[in-house]
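*Asks:* Structure file target.txt, compact mmCIF, C-alpha atoms, is pasted below:
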# COMPACT_ATOMS: atom_id res chain seq x y z
CA MET A 1 0.64 -14.40 10.34
CA LYS A 2 -0.91 -13.20 7.10
CA LEU A 3 1.22 -11.45 4.50
CA SER A 4 -0.04 -9.23 1.68
CA VAL A 5 1.53 -7.02 -0.99
CA LEU A 6 1.46 -3.32 -1.82
CA ASP A 7 2.95 -2.72 -5.25
CA GLN A 8 3.58 0.77 -6.62
CA SER A 9 4.44 -0.30 -10.21
CA VAL A 10 7.67 1.66 -9.95
CA ILE A 11 9.71 2.00 -13.14
CA THR A 12 13.39 1.04 -12.98
CA LYS A 13 15.76 3.26 -14.97
CA GLY A 14 16.25 1.76 -18.42
CA GLN A 15 12.72 0.32 -18.46
CA ASP A 16 9.31 1.77 -19.27
CA ALA A 17 5.77 1.70 -17.84
CA ALA A 18 4.84 -1.40 -19.85
CA ALA A 19 7.67 -3.32 -18.19
CA ALA A 20 6.60 -2.04 -14.75
CA PHE A 21 3.03 -3.25 -15.30
CA GLU A 22 4.25 -6.61 -16.55
CA GLU A 23 6.32 -7.02 -13.38
CA THR A 24 3.30 -6.04 -11.26
CA LEU A 25 1.29 -8.81 -12.93
CA ARG A 26 4.11 -11.33 -12.52
CA LEU A 27 4.43 -10.41 -8.85
CA ALA A 28 0.68 -10.81 -8.29
CA LYS A 29 0.66 -14.29 -9.82
CA PHE A 30 3.82 -15.28 -7.96
CA THR A 31 2.67 -14.12 -4.52
CA GLU A 32 -0.75 -15.70 -4.99
CA GLU A 33 0.95 -19.07 -5.46
CA LEU A 34 3.01 -18.38 -2.31
CA GLY A 35 -0.13 -17.87 -0.22
CA TYR A 36 -0.24 -14.10 0.18
CA THR A 37 -3.66 -12.80 1.26
CA ARG A 38 -4.18 -9.65 -0.82
CA PHE A 39 -2.44 -7.60 -3.49
CA TRP A 40 -2.96 -3.84 -3.66
CA VAL A 41 -1.83 -1.32 -6.25
CA ALA A 42 -1.12 2.33 -5.52
CA GLU A 43 -2.24 5.61 -7.06
CA HIS A 44 0.29 8.31 -7.92
CA HIS A 45 0.16 11.27 -10.29
CA ASN A 46 2.66 13.49 -12.09
CA ALA A 47 5.48 11.12 -11.07
CA ASN A 48 7.80 9.90 -13.82
CA GLY A 49 8.68 6.66 -12.03
CA MET A 50 5.27 5.55 -10.78
CA ALA A 51 3.19 3.98 -13.54
CA GLY A 52 0.10 3.26 -11.43
CA SER A 53 -2.05 6.35 -11.97
CA ALA A 54 -5.35 4.44 -12.44
CA PRO A 55 -5.74 1.67 -9.83
CA GLN A 56 -9.29 0.70 -10.88
CA VAL A 57 -8.03 -0.20 -14.36
CA LEU A 58 -5.04 -2.12 -13.03
CA ILE A 59 -7.17 -3.95 -10.44
CA SER A 60 -9.45 -5.28 -13.19
CA HIS A 61 -6.47 -6.57 -15.16
CA LEU A 62 -4.82 -8.23 -12.15
CA ALA A 63 -8.05 -9.80 -10.88
CA SER A 64 -8.72 -11.30 -14.30
CA MET A 65 -5.27 -12.92 -14.30
CA THR A 66 -5.39 -14.33 -10.75
CA ARG A 67 -7.80 -16.73 -9.05
CA ARG A 68 -7.92 -16.47 -5.27
CA MET A 69 -6.07 -13.51 -3.82
CA LYS A 70 -7.96 -10.33 -2.97
CA ILE A 71 -7.04 -7.45 -5.30
CA GLY A 72 -7.43 -3.84 -4.26
CA SER A 73 -6.28 -0.26 -4.10
CA GLY A 74 -3.71 1.13 -1.75
CA GLY A 75 -5.33 3.53 -2.16
CA VAL A 76 -7.76 5.62 -4.19
CA LEU A 77 -7.19 9.32 -3.37
CA LEU A 78 -10.76 10.01 -2.31
CA PRO A 79 -10.48 13.82 -1.71
CA GLN A 80 -10.02 14.31 -5.45
CA TYR A 81 -13.04 12.31 -6.52
CA SER A 82 -16.78 11.77 -6.15
CA PRO A 83 -17.63 9.10 -3.56
CA TYR A 84 -20.58 8.16 -5.75
CA LYS A 85 -18.40 7.43 -8.77
CA ILE A 86 -15.85 5.48 -6.69
CA ALA A 87 -18.72 3.38 -5.29
CA GLU A 88 -19.90 2.63 -8.84
CA ASP A 89 -16.39 1.70 -10.02
CA PHE A 90 -15.80 -0.73 -7.19
CA LYS A 91 -19.28 -2.24 -7.37
CA VAL A 92 -18.55 -3.06 -11.00
CA LEU A 93 -15.26 -4.65 -9.96
CA GLN A 94 -16.94 -6.64 -7.17
CA THR A 95 -19.60 -7.83 -9.63
CA LEU A 96 -16.92 -8.98 -12.06
CA PHE A 97 -14.81 -10.60 -9.33
CA PRO A 98 -17.19 -11.50 -6.46
CA GLY A 99 -15.65 -11.34 -2.99
CA ARG A 100 -12.19 -10.51 -4.29
CA ILE A 101 -12.07 -6.69 -4.29
CA ASP A 102 -10.72 -4.37 -1.58
CA LEU A 103 -11.47 -0.64 -1.73
CA GLY A 104 -8.51 1.07 -0.11
CA ILE A 105 -8.85 4.86 0.22
CA GLY A 106 -6.49 7.60 1.35
CA ARG A 107 -6.56 11.29 2.21
CA SER A 108 -3.42 12.21 0.25
CA PRO A 109 -3.68 15.27 -2.04
CA GLY A 110 -2.10 13.27 -4.85
CA GLY A 111 0.89 15.48 -5.50
CA SER A 112 1.62 19.16 -5.89
CA TYR A 113 -1.04 21.86 -5.71
CA GLU A 114 -1.07 22.09 -9.50
CA THR A 115 -1.43 18.31 -9.81
CA ARG A 116 -4.39 18.27 -7.45
CA LEU A 117 -6.13 21.05 -9.40
CA ALA A 118 -5.62 19.02 -12.57
CA LEU A 119 -7.26 16.00 -10.86
CA THR A 120 -10.27 18.06 -9.74
CA ASP A 121 -10.53 19.99 -13.02
CA GLY A 122 -9.71 23.23 -11.25
CA LEU A 123 -12.13 22.78 -8.36
CA LYS A 124 -10.50 23.69 -5.02
CA LYS A 125 -11.82 20.92 -2.78
CA SER A 126 -11.15 21.02 0.96
CA MET A 127 -9.20 18.14 2.49
CA ASN A 128 -11.38 18.63 5.58
CA GLU A 129 -14.25 17.04 3.64
CA PHE A 130 -12.59 13.62 3.82
CA PRO A 131 -14.53 12.22 6.83
CA GLY A 132 -17.81 13.22 5.17
CA GLN A 133 -16.68 11.65 1.91
CA VAL A 134 -15.95 8.37 3.70
CA GLU A 135 -19.46 8.43 5.18
CA ARG A 136 -21.05 9.12 1.78
CA LEU A 137 -18.99 6.38 0.15
CA GLN A 138 -20.38 3.90 2.66
CA HIS A 139 -23.93 5.07 1.98
CA PHE A 140 -23.52 4.52 -1.75
CA LEU A 141 -21.86 1.12 -1.31
CA HIS A 142 -24.58 -0.18 0.99
CA GLY A 143 -27.61 1.22 -0.83
CA GLU A 144 -28.87 3.56 1.88
CA PRO A 145 -31.78 5.94 1.08
CA GLY A 146 -31.18 8.45 -1.67
CA VAL A 147 -29.37 8.14 -4.98
CA LYS A 148 -28.36 4.53 -5.58
CA ALA A 149 -24.99 3.37 -6.88
CA TYR A 150 -25.37 0.43 -9.24
CA PRO A 151 -24.84 -2.37 -10.07
CA TYR A 152 -26.33 -4.04 -7.02
CA VAL A 153 -23.97 -6.41 -5.23
CA GLY A 154 -24.99 -8.56 -2.28
CA THR A 155 -21.73 -7.95 -0.45
CA PRO A 156 -19.98 -4.66 -1.33
CA PRO A 157 -16.16 -4.53 -1.23
CA ASP A 158 -14.54 -3.83 2.13
CA ILE A 159 -13.35 -0.26 2.67
CA TRP A 160 -9.79 0.03 3.98
CA LEU A 161 -8.78 3.48 5.14
CA LEU A 162 -5.04 4.11 4.79
CA GLY A 163 -3.58 6.38 7.44
CA ILE A 164 -0.30 7.51 8.99
CA THR A 165 -1.65 9.49 11.95
CA HIS A 166 -4.04 9.29 14.87
CA ARG A 167 -6.48 11.36 12.78
CA GLY A 168 -6.72 8.68 10.11
CA ALA A 169 -7.30 6.03 12.78
CA ARG A 170 -10.11 8.13 14.23
CA VAL A 171 -11.89 8.48 10.88
CA ALA A 172 -11.63 4.71 10.32
CA ALA A 173 -12.88 3.90 13.82
CA GLU A 174 -15.79 6.35 13.73
CA ASN A 175 -16.95 5.14 10.31
CA GLY A 176 -16.44 1.43 10.98
CA THR A 177 -13.98 0.76 8.16
CA ALA A 178 -10.90 -1.46 8.11
CA PHE A 179 -7.63 0.40 8.76
CA THR A 180 -4.15 0.16 7.26
CA TYR A 181 -1.31 1.91 9.04
CA GLY A 182 1.52 3.14 6.79
CA HIS A 183 4.64 2.23 8.79
CA PHE A 184 6.52 2.54 5.50
CA ILE A 185 5.75 6.28 5.56
CA ASN A 186 5.63 7.12 9.27
CA PRO A 187 7.04 4.56 11.74
CA SER A 188 6.54 6.82 14.78
CA ASN A 189 2.80 6.96 15.48
CA GLY A 190 1.65 3.45 14.64
CA LYS A 191 1.01 2.04 18.12
CA LYS A 192 -0.99 5.10 19.20
CA ALA A 193 -3.02 5.08 15.98
CA LEU A 194 -3.82 1.37 16.04
CA ASP A 195 -4.59 1.32 19.76
CA TYR A 196 -7.10 4.11 19.20
CA TYR A 197 -8.62 2.34 16.19
CA HIS A 198 -9.02 -1.01 17.96
CA HIS A 199 -10.50 0.50 21.14
CA GLN A 200 -12.76 3.12 19.56
CA PHE A 201 -14.06 1.13 16.57
CA ARG A 202 -17.79 1.49 15.90
CA PRO A 203 -19.50 -1.33 13.97
CA SER A 204 -20.93 -0.35 10.58
CA ALA A 205 -22.99 -1.88 7.79
CA GLY A 206 -19.77 -3.08 6.20
CA LEU A 207 -17.77 -4.29 9.22
CA GLU A 208 -18.82 -5.66 12.61
CA SER A 209 -15.42 -5.66 14.34
CA PRO A 210 -12.06 -3.93 13.80
CA LEU A 211 -9.85 -5.18 10.98
CA SER A 212 -6.33 -3.85 10.51
CA ASN A 213 -2.98 -4.39 8.86
CA VAL A 214 0.35 -2.56 8.65
CA CYS A 215 2.33 -1.70 5.53
CA ILE A 216 6.14 -1.81 5.74
CA PHE A 217 9.18 -1.88 3.44
CA VAL A 218 10.95 -5.26 3.53
CA VAL A 219 14.05 -6.55 1.76
CA CYS A 220 14.86 -10.18 2.55
CA ALA A 221 17.82 -12.26 1.35
CA PRO A 222 19.69 -15.40 2.49
CA THR A 223 22.40 -13.32 4.21
CA GLN A 224 22.46 -9.91 5.88
CA GLU A 225 25.22 -8.77 3.55
CA GLU A 226 23.20 -9.62 0.45
CA ALA A 227 20.06 -8.01 1.87
CA GLU A 228 22.02 -4.79 2.50
CA ARG A 229 23.36 -4.81 -1.05
CA ILE A 230 19.91 -5.32 -2.54
CA ALA A 231 18.31 -2.70 -0.28
CA LYS A 232 20.76 -0.01 -1.41
CA SER A 233 18.69 0.69 -4.54
CA GLN A 234 15.62 1.22 -2.34
CA ASP A 235 17.66 3.51 -0.06
CA ILE A 236 18.69 5.62 -3.07
CA TRP A 237 15.16 5.64 -4.45
CA LEU A 238 13.76 7.00 -1.19
CA LEU A 239 16.39 9.76 -1.15
CA GLU A 240 15.49 10.80 -4.70
CA VAL A 241 11.74 10.65 -4.08
CA GLU A 242 12.08 12.87 -1.01
CA ARG A 243 14.11 15.38 -3.01
CA GLY A 244 11.49 15.42 -5.74
CA ILE A 245 14.18 14.70 -8.32
CA ASP A 246 13.25 11.33 -9.81
CA THR A 247 10.80 8.63 -8.77
CA ARG A 248 12.36 5.89 -10.90
CA ILE A 249 14.34 3.13 -9.16
CA PRO A 250 18.08 3.36 -9.91
CA SER A 251 19.59 0.62 -12.02
CA LYS A 252 21.54 -2.12 -10.27
CA GLU A 253 24.79 -0.73 -11.70
CA GLU A 254 24.01 2.79 -10.45
CA ALA A 255 23.15 1.49 -7.00
CA ASP A 256 26.31 -0.60 -6.74
CA SER A 257 28.54 2.35 -7.66
CA ARG A 258 26.79 5.02 -5.58
CA ILE A 259 28.74 6.41 -2.61
CA PHE A 260 26.61 8.17 0.00
CA THR A 261 27.65 11.48 1.52
CA SER A 262 27.61 11.69 5.32
CA ARG A 263 24.35 13.66 5.16
CA GLU A 264 22.78 11.08 2.84
CA MET A 265 23.94 8.27 5.09
CA GLU A 266 22.24 9.94 8.03
CA LYS A 267 19.01 10.13 6.03
CA VAL A 268 19.35 6.50 4.96
CA ARG A 269 19.62 5.44 8.59
CA GLU A 270 16.53 7.48 9.39
CA ASN A 271 14.58 5.93 6.51
CA ARG A 272 15.56 2.43 7.62
CA ARG A 273 13.16 2.89 10.54
CA ARG A 274 10.47 2.48 7.90
CA ALA A 275 11.86 -0.88 6.77
CA ILE A 276 13.16 -4.29 7.75
CA VAL A 277 16.26 -5.45 5.88
CA GLY A 278 17.83 -8.81 6.57
CA THR A 279 17.68 -12.59 6.59
CA PRO A 280 14.40 -14.51 6.84
CA GLU A 281 15.10 -15.14 10.52
CA LYS A 282 15.67 -11.45 11.24
CA VAL A 283 12.64 -10.30 9.24
CA LYS A 284 10.42 -12.90 10.91
CA GLU A 285 11.58 -11.86 14.37
CA GLU A 286 11.01 -8.17 13.73
CA LEU A 287 7.59 -8.67 12.12
CA LEU A 288 6.45 -10.83 15.04
CA LEU A 289 7.58 -8.10 17.43
CA LEU A 290 5.73 -5.43 15.44
CA SER A 291 2.67 -7.68 15.39
CA GLU A 292 2.64 -7.62 19.20
CA ILE A 293 3.19 -3.85 19.33
CA TYR A 294 0.56 -3.01 16.72
CA GLY A 295 -1.99 -5.67 17.63
CA THR A 296 -2.39 -6.97 14.08
CA ASP A 297 -1.69 -10.30 12.40
CA GLU A 298 -1.32 -8.99 8.83
CA PHE A 299 1.47 -7.06 7.17
CA MET A 300 1.46 -5.58 3.69
CA ILE A 301 4.94 -5.86 2.22
CA ILE A 302 6.38 -3.29 -0.16
CA THR A 303 9.75 -3.96 -1.83
CA ASN A 304 11.16 -1.45 -4.32
CA VAL A 305 14.53 -2.68 -5.53
CA SER A 306 16.38 -2.65 -8.86
CA ASP A 307 16.48 -6.33 -9.70
CA PHE A 308 13.10 -8.00 -10.16
CA GLY A 309 14.58 -11.42 -9.43
CA ASP A 310 15.79 -10.16 -6.06
CA LYS A 311 12.30 -8.81 -5.40
CA LEU A 312 10.66 -12.16 -6.17
CA ARG A 313 13.13 -14.00 -3.98
CA SER A 314 12.50 -11.60 -1.10
CA TYR A 315 8.76 -12.36 -1.19
CA GLU A 316 9.48 -16.09 -1.51
CA LEU A 317 11.79 -16.13 1.52
CA LEU A 318 9.16 -14.28 3.55
CA SER A 319 6.56 -16.85 2.55
CA ASP A 320 8.83 -19.70 3.58
CA ALA A 321 9.47 -18.04 6.96
CA LEU A 322 5.97 -16.85 7.88
CA ILE A 323 3.22 -18.30 5.65
CA ASN A 324 4.49 -21.82 4.99
CA PRO A 325 7.20 -22.50 7.59
CA GLY A 326 8.65 -25.97 7.41
CA LEU A 327 7.42 -26.76 3.91
Go ahead and render the structure in this file as structure tokens.
*Replies:*
Amino acid sequence: MKLSVLDQSVITKGQDAAAAFEETLRLAKFTEELGYTRFWVAEHHNANGMAGSAPQVLISHLASMTRRMKIGSGGVLLPQYSPYKIAEDFKVLQTLFPGRIDLGIGRSPGGSYETRLALTDGLKKSMNEFPGQVERLQHFLHGEPGVKAYPYVGTPPDIWLLGITHRGARVAAENGTAFTYGHFINPSNGKKALDYYHHQFRPSAGLESPLSNVCIFVVCAPTQEEAERIAKSQDIWLLEVERGIDTRIPSKEEADSRIFTSREMEKVRENRRRAIVGTPEKVKEELLLLSEIYGTDEFMIITNVSDFGDKLRSYELLSDALINPGL
């Protein structure tokens, strides 16, 4: 099984964006040494706890500080931008770091209505234009007739379409892009979406056969009890994000002292369907089962917890269990 990373550069309370970016870089270097396949950074706007508002800039920094692992976006919010300009940005990145760049794109509006208008400079763009934007992005990447996106690269970066519904799978299949299913957002529709993608995929200039992975929250520790303790900060963070209150990760002290109400506990249990929390043996077993269900051999792991040392150890234990077992 291949393991990869999605990192949201989330700020822990008591820290700042500079610290979040430094931890993102440390995590990229660490997971590269562990044998992870790719490392993607997210795009969020108008969110006080999510530092990664410009993935192209962060990708360039991370790629320059790593050697082997693919670096990419998870993902650029294409509805807000010009496909031509995104093609140019990622061709520059692929020229600087040949064969190491992934262009992950998503249909998300990027935040509130006001935030989206700020991103488009007041232009009210229709989300229904997304399939056409994906098609135009491919044209610009592969130098098809018309306006050319430079610089020229022999092999453009792979396009990965990020989706959480059957609709996203359909756009990826019809346009011949790779597909990432966001189990960490919607754990309910993944099998249907990936089955459709794999069976309906149409080869394109960029991809001859279907290529997929699944993104999921994981917290791994030597014991179940410790994994539950560590995951509590992620549980709280998800509650706060969904309420729109605060997107920063709670401090370790805040997480340890927090007592959930019965309603919050019900929501935590619901959110745990988006995650795997446990020992290396448990996580391995559940990922192998999901691999069979989803028909993919690659998982992108996202871990948003208070203590960075716990986060590093979680990724290391996963590597020992699934990438380098027995070493």
*Asks:* Show me, as a compact mmCIF listing (two decimals) with C-alpha atoms, keeping the file's coordinate frame, the residues that have an atom within 12 Å of segment 264-266 of chain A when counting all atoms listed in the file, minus same-chain residues fewer than 3 positions from it.
*Replies:*
# COMPACT_ATOMS: atom_id res chain seq x y z
CA LYS A 232 20.76 -0.01 -1.41
CA ASP A 235 17.66 3.51 -0.06
CA ILE A 236 18.69 5.62 -3.07
CA TRP A 237 15.16 5.64 -4.45
CA LEU A 238 13.76 7.00 -1.19
CA LEU A 239 16.39 9.76 -1.15
CA GLU A 240 15.49 10.80 -4.70
CA GLU A 242 12.08 12.87 -1.01
CA ARG A 243 14.11 15.38 -3.01
CA ARG A 258 26.79 5.02 -5.58
CA ILE A 259 28.74 6.41 -2.61
CA PHE A 260 26.61 8.17 0.00
CA THR A 261 27.65 11.48 1.52
CA ARG A 269 19.62 5.44 8.59
CA GLU A 270 16.53 7.48 9.39
CA ASN A 271 14.58 5.93 6.51
CA ARG A 272 15.56 2.43 7.62
CA ARG A 273 13.16 2.89 10.54
*Asks:* What is the atom CA of Glu88 of chain A to atom CA of Ala118 of chain A distance in Å?
*Replies:*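 That distance, rounded to one decimal, is 22.1 Å.
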*Asks:* Which value, in Å to one decimal, gives the distance between atom CA of Leu289 of chain A and atom CA of Leu317 of chain A?
*Replies:*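 Separation between atom CA of Leu289 of chain A and atom CA of Leu317 of chain A: 18.3 Å.
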*Asks:* With distances taken over all atoms listed in the file, which residue among A:Leu117, A:Gly206, A:Ile101, A:Gly182 lies nearest Leu141 of chain A?
*Replies:*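 That would be A:Gly206, the residue with the smallest distance to Leu141 of chain A.
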*Asks:* Check the smallest atom-to-atom distance from each of A:Asn213, A:Thr31, A:Thr296, A:Ser257 to Leu318 of chain A using all atoms listed in the file, then report the winner.
*Replies:*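 Looking only at the distances to Leu318 of chain A, the closest residue turns out to be A:Thr31.
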*Asks:* As a ChimeraX atom specification, please: the residues near Leu6 of chain A (cut-off 7 Å, only C-alpha atoms, same-chain neighbours under 6 positions excluded).
*Replies:* /A:39-41,74,300-302
